[in-house]
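Down below is the structure, laid out as structure tokens.
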Amino acid sequence: MDDQEQQQQSKSFLWGSVLQRDPEKDLLTLLRGVPIFEGLSRSDLKAVERILHRRKFHAGEYIFREGDPGLGMYIIEKGEVSIVSESRSTEIARLSKGDFFGEMSLFNERPRNASAVAYEDTKLFGFFQPDLFGLLETRPRIGVKVVAKLAGILAERLYKASVENARLMGEIARKDLP
Amino acid sequence: MLTNTKILIVLLLLAVAILLAVTVYTIGSIVAIFLLAMLFAFVITPAVDWLESHGTPRMLASTIMFLLSLGAFFVVAYFLSPLLYDQVMVLQERVSFGEMRKSLPGLEQDIVESLSFLGVRDLHLTTRIENLVSTLFDNLLNIASGLVGLMIFVVMTLISTFFLLKDSRKLKKSLIEIVPNQFFEMSLSILHKIDWSLGAYLRGILLDAFVIGLVTTFAMWLLDIPNFMLIGMVAAFANLVPYLGPPTAALVASSISVITLGTFEQVPLILITFTLIRLLDDSVIQPLTISQSVKLHPLTIIFTILIGGQLFGILGMLFAVPVAGVMKVMAWELYSGLKRYRAVY
């Protein structure tokens, strides 16, 4: 347990419910900030929270490795995560609280195209394909909302990728001209 | 070349296998309660999920489906058991006192004459069948005397089934929580795939056995074979054992017919009917009911049945093959999962 957590515990012991933060409220606020859970009601978010997996990673620990079959996405509750390309030995992105990564794997088990490493001691929520399918089966109303949001995010990315692709193709064509 | 991880995995799997074997051997009945509860939960879970998908809370959905299944079982047992009991009693009476005693010497004479070229002279059929029947009824009495134990077994199985229905997801989540980060995604994926494949396999073979039981009962009733319900039940249970099950059921049906009527008259008809039911099962029923089939080599099946019989008697023989099927599904999903995550090559 880190110092901050210990301090928080002793504070809550001393001041009881007066100063105690409501971890459930914090969690629901965190989830509400994740685009794929936008628009879900409090009870919907609670249903989602029940299927999430809470994991702790130490600094430098791999969350997943490039080339592993993807199973789902992670939401950062606390700490920072580095997204690293092993093949190019570069850091692609540094993510922090409220950010999420690996969402493409919710739809297929294609190999991960980068590794995720805990930059510092990190707490994450994992949301995985079997749980998404379970949600679609048992709570289809919530499941469909989540899938629709995911589809929106992926469509947006596809649009940006195709615009970028067109721009690059144009550049190549201009360079090829004599 | 074997890496340390691979050696560790192989050793871990061996340790799990040995632990399982020891557990089954020492606390077999407790393991049986858990396995039966899991089986029932696998069968009822889709109905609970369906209710939950229509807005019923999990707890209520589990309670409703559990009570409905229990109710359906008692209703069927209430209506069928007197009929089945009558059929068993009639069979016992005929074996002990009735027409069989008169007809058996004639039958024995026929058989001895047909097999005279093999040097067969005396089969002692009457004594042998009476001994067999008395052993069977002695066993039934032993079961009845262990009624208290049986009641505890049934109650514990029902309670376990209910909690597995209600909390299976929580249990899986708690189980996966203790897995180290390094193996977390791999374990979650394997656990999910095992869960899915096992459910499909178990629901498939049980539904197939149920349909075969119904079809056989109906066919035997149409052919006016005595004890049609008993034969249907035997056929349903025997269907759990591939290759050997269906011929055994046909043999039991033929024996009942011969014992009851005292002639071989109906035997060809029974054999033809069982062959047709087999064809129907292979071509229509199985493709509709079984989505996840498990192929086991005939030799594996024979040895599995022998081991099942040695450990748990007749029930062990009956459920040995489905248990082997379950183990094969688990081992296969485990292996392909480890392979996907490059833990084995």
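Letters for chains follow the order of the structure tokens (A, B, ...), residue numbers begin at 1 for each chain, and ligand numbers begin at 1 in the order shown.
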Distance-based interface of chain A with chain B, 6 Å, counting only C-alpha atoms, as a PDB file with N, CA and C atoms, in the first residue's frame:
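Result file result29.pdb:
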ATOM      1  N   ASP A  68       0.593 -10.148 -28.690  1.00  0.00           N
ATOM      2  CA  ASP A  68      -0.342 -10.995 -27.921  1.00  0.00           C
ATOM      3  C   ASP A  68      -1.738 -10.863 -28.528  1.00  0.00           C
ATOM      4  N   THR A 138     -27.154 -10.497 -21.635  1.00  0.00           N
ATOM      5  CA  THR A 138     -28.000 -10.388 -20.449  1.00  0.00           C
ATOM      6  C   THR A 138     -28.600  -8.993 -20.251  1.00  0.00           C
ATOM      7  N   ARG A 139     -27.913  -7.939 -20.702  1.00  0.00           N
ATOM      8  CA  ARG A 139     -28.456  -6.573 -20.590  1.00  0.00           C
ATOM      9  C   ARG A 139     -28.329  -5.901 -21.955  1.00  0.00           C
TER      10      ARG A 139
END
Mind the document's chain letters and residue numbers, and return as a PyMOL selection string the residues of stretch 146-294 of chain B that DSSP labels helix (DSSP H, G or I). chain B and resi 147-177+181-222+228-238+245-261+267-289
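Minimum atom-to-atom distance to A:His53, evaluated using only C-alpha atoms, belongs to B:Leu175 out of B:Leu276, B:Ala209, B:Ala17, B:Leu175.
When only C-alpha atoms are used to compute distances to A:Phe100, the closest of the residues A:Pro35, A:Gly143, A:Gly170, A:Pro130 turns out to be A:Pro35.
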My list of candidates is B:Ile256, B:Ala238, B:Ile27, B:Val75. Which is closest to B:Val88 when distances are computed with only C-alpha atoms?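 Checking each candidate against B:Val88, we get B:Ile256 as the closest.
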Atomic distance atom CA of B:Pro242 - atom CA of B:Val154, expressed in Å with one decimal: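 Between these atoms lies a distance of 27.6 Å.
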Near A:Leu52, counting only C-alpha atoms, which residues have an atom at most 12 Å away, once you skip same-chain residues fewer than 3 positions from it, shown as a ChimeraX atom specification? /A:27,31,45-49,55,72-75,77,124-132,134-135 /B:169-170,173-174,176-177
Just the selected residues (C-alpha atoms), exported as a PDB file, in the first residue's frame, please.
ATOM      1  CA  LEU A  27     -15.620   5.348  -9.990  1.00  0.00           C
ATOM      2  CA  LEU A  31     -16.548   5.728 -16.084  1.00  0.00           C
ATOM      3  CA  LEU A  45     -22.900   2.370 -15.125  1.00  0.00           C
ATOM      4  CA  LYS A  46     -23.249   0.248 -11.989  1.00  0.00           C
ATOM      5  CA  ALA A  47     -24.078  -2.761 -14.174  1.00  0.00           C
ATOM      6  CA  VAL A  48     -20.991  -2.030 -16.289  1.00  0.00           C
ATOM      7  CA  GLU A  49     -18.852  -1.595 -13.166  1.00  0.00           C
ATOM      8  CA  ARG A  55      -6.031  -4.685 -11.753  1.00  0.00           C
ATOM      9  CA  GLY A  72     -10.177  -6.047 -24.545  1.00  0.00           C
ATOM     10  CA  MET A  73      -9.524  -2.549 -23.340  1.00  0.00           C
ATOM     11  CA  TYR A  74      -8.243  -0.866 -20.180  1.00  0.00           C
ATOM     12  CA  ILE A  75      -9.319   2.357 -18.466  1.00  0.00           C
ATOM     13  CA  GLU A  77      -8.051   4.725 -12.742  1.00  0.00           C
ATOM     14  CA  LEU A 124      -6.655  -0.048 -14.240  1.00  0.00           C
ATOM     15  CA  PHE A 125     -10.100  -1.303 -15.086  1.00  0.00           C
ATOM     16  CA  GLY A 126     -10.184  -4.030 -17.722  1.00  0.00           C
ATOM     17  CA  PHE A 127     -13.215  -4.386 -19.989  1.00  0.00           C
ATOM     18  CA  PHE A 128     -12.986  -7.530 -22.099  1.00  0.00           C
ATOM     19  CA  GLN A 129     -14.672  -9.152 -25.081  1.00  0.00           C
ATOM     20  CA  PRO A 130     -16.325 -12.027 -23.153  1.00  0.00           C
ATOM     21  CA  ASP A 131     -17.796  -9.493 -20.713  1.00  0.00           C
ATOM     22  CA  LEU A 132     -19.044  -7.257 -23.551  1.00  0.00           C
ATOM     23  CA  GLY A 134     -22.166 -11.285 -21.804  1.00  0.00           C
ATOM     24  CA  LEU A 135     -23.528  -7.740 -21.398  1.00  0.00           C
TER      25      LEU A 135
ATOM     26  CA  ARG B 169     -20.196 -14.611 -12.944  1.00  0.00           C
ATOM     27  CA  LYS B 170     -19.084 -13.348  -9.540  1.00  0.00           C
ATOM     28  CA  LYS B 173     -14.530 -12.919 -11.547  1.00  0.00           C
ATOM     29  CA  SER B 174     -13.188 -13.819  -8.084  1.00  0.00           C
ATOM     30  CA  ILE B 176      -9.695 -14.655 -12.238  1.00  0.00           C
ATOM     31  CA  GLU B 177      -8.814 -11.907  -9.735  1.00  0.00           C
TER      32      GLU B 177
END
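Interatomic distance, atom CA of B:Trp332 against atom CA of B:Leu11: 17.4 Å.
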Atom CA of B:Leu8 and atom CA of B:Ser336, how far apart in Å?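 About the pair atom CA of B:Ser336 and atom CA of B:Leu8: they are 17.3 Å apart.
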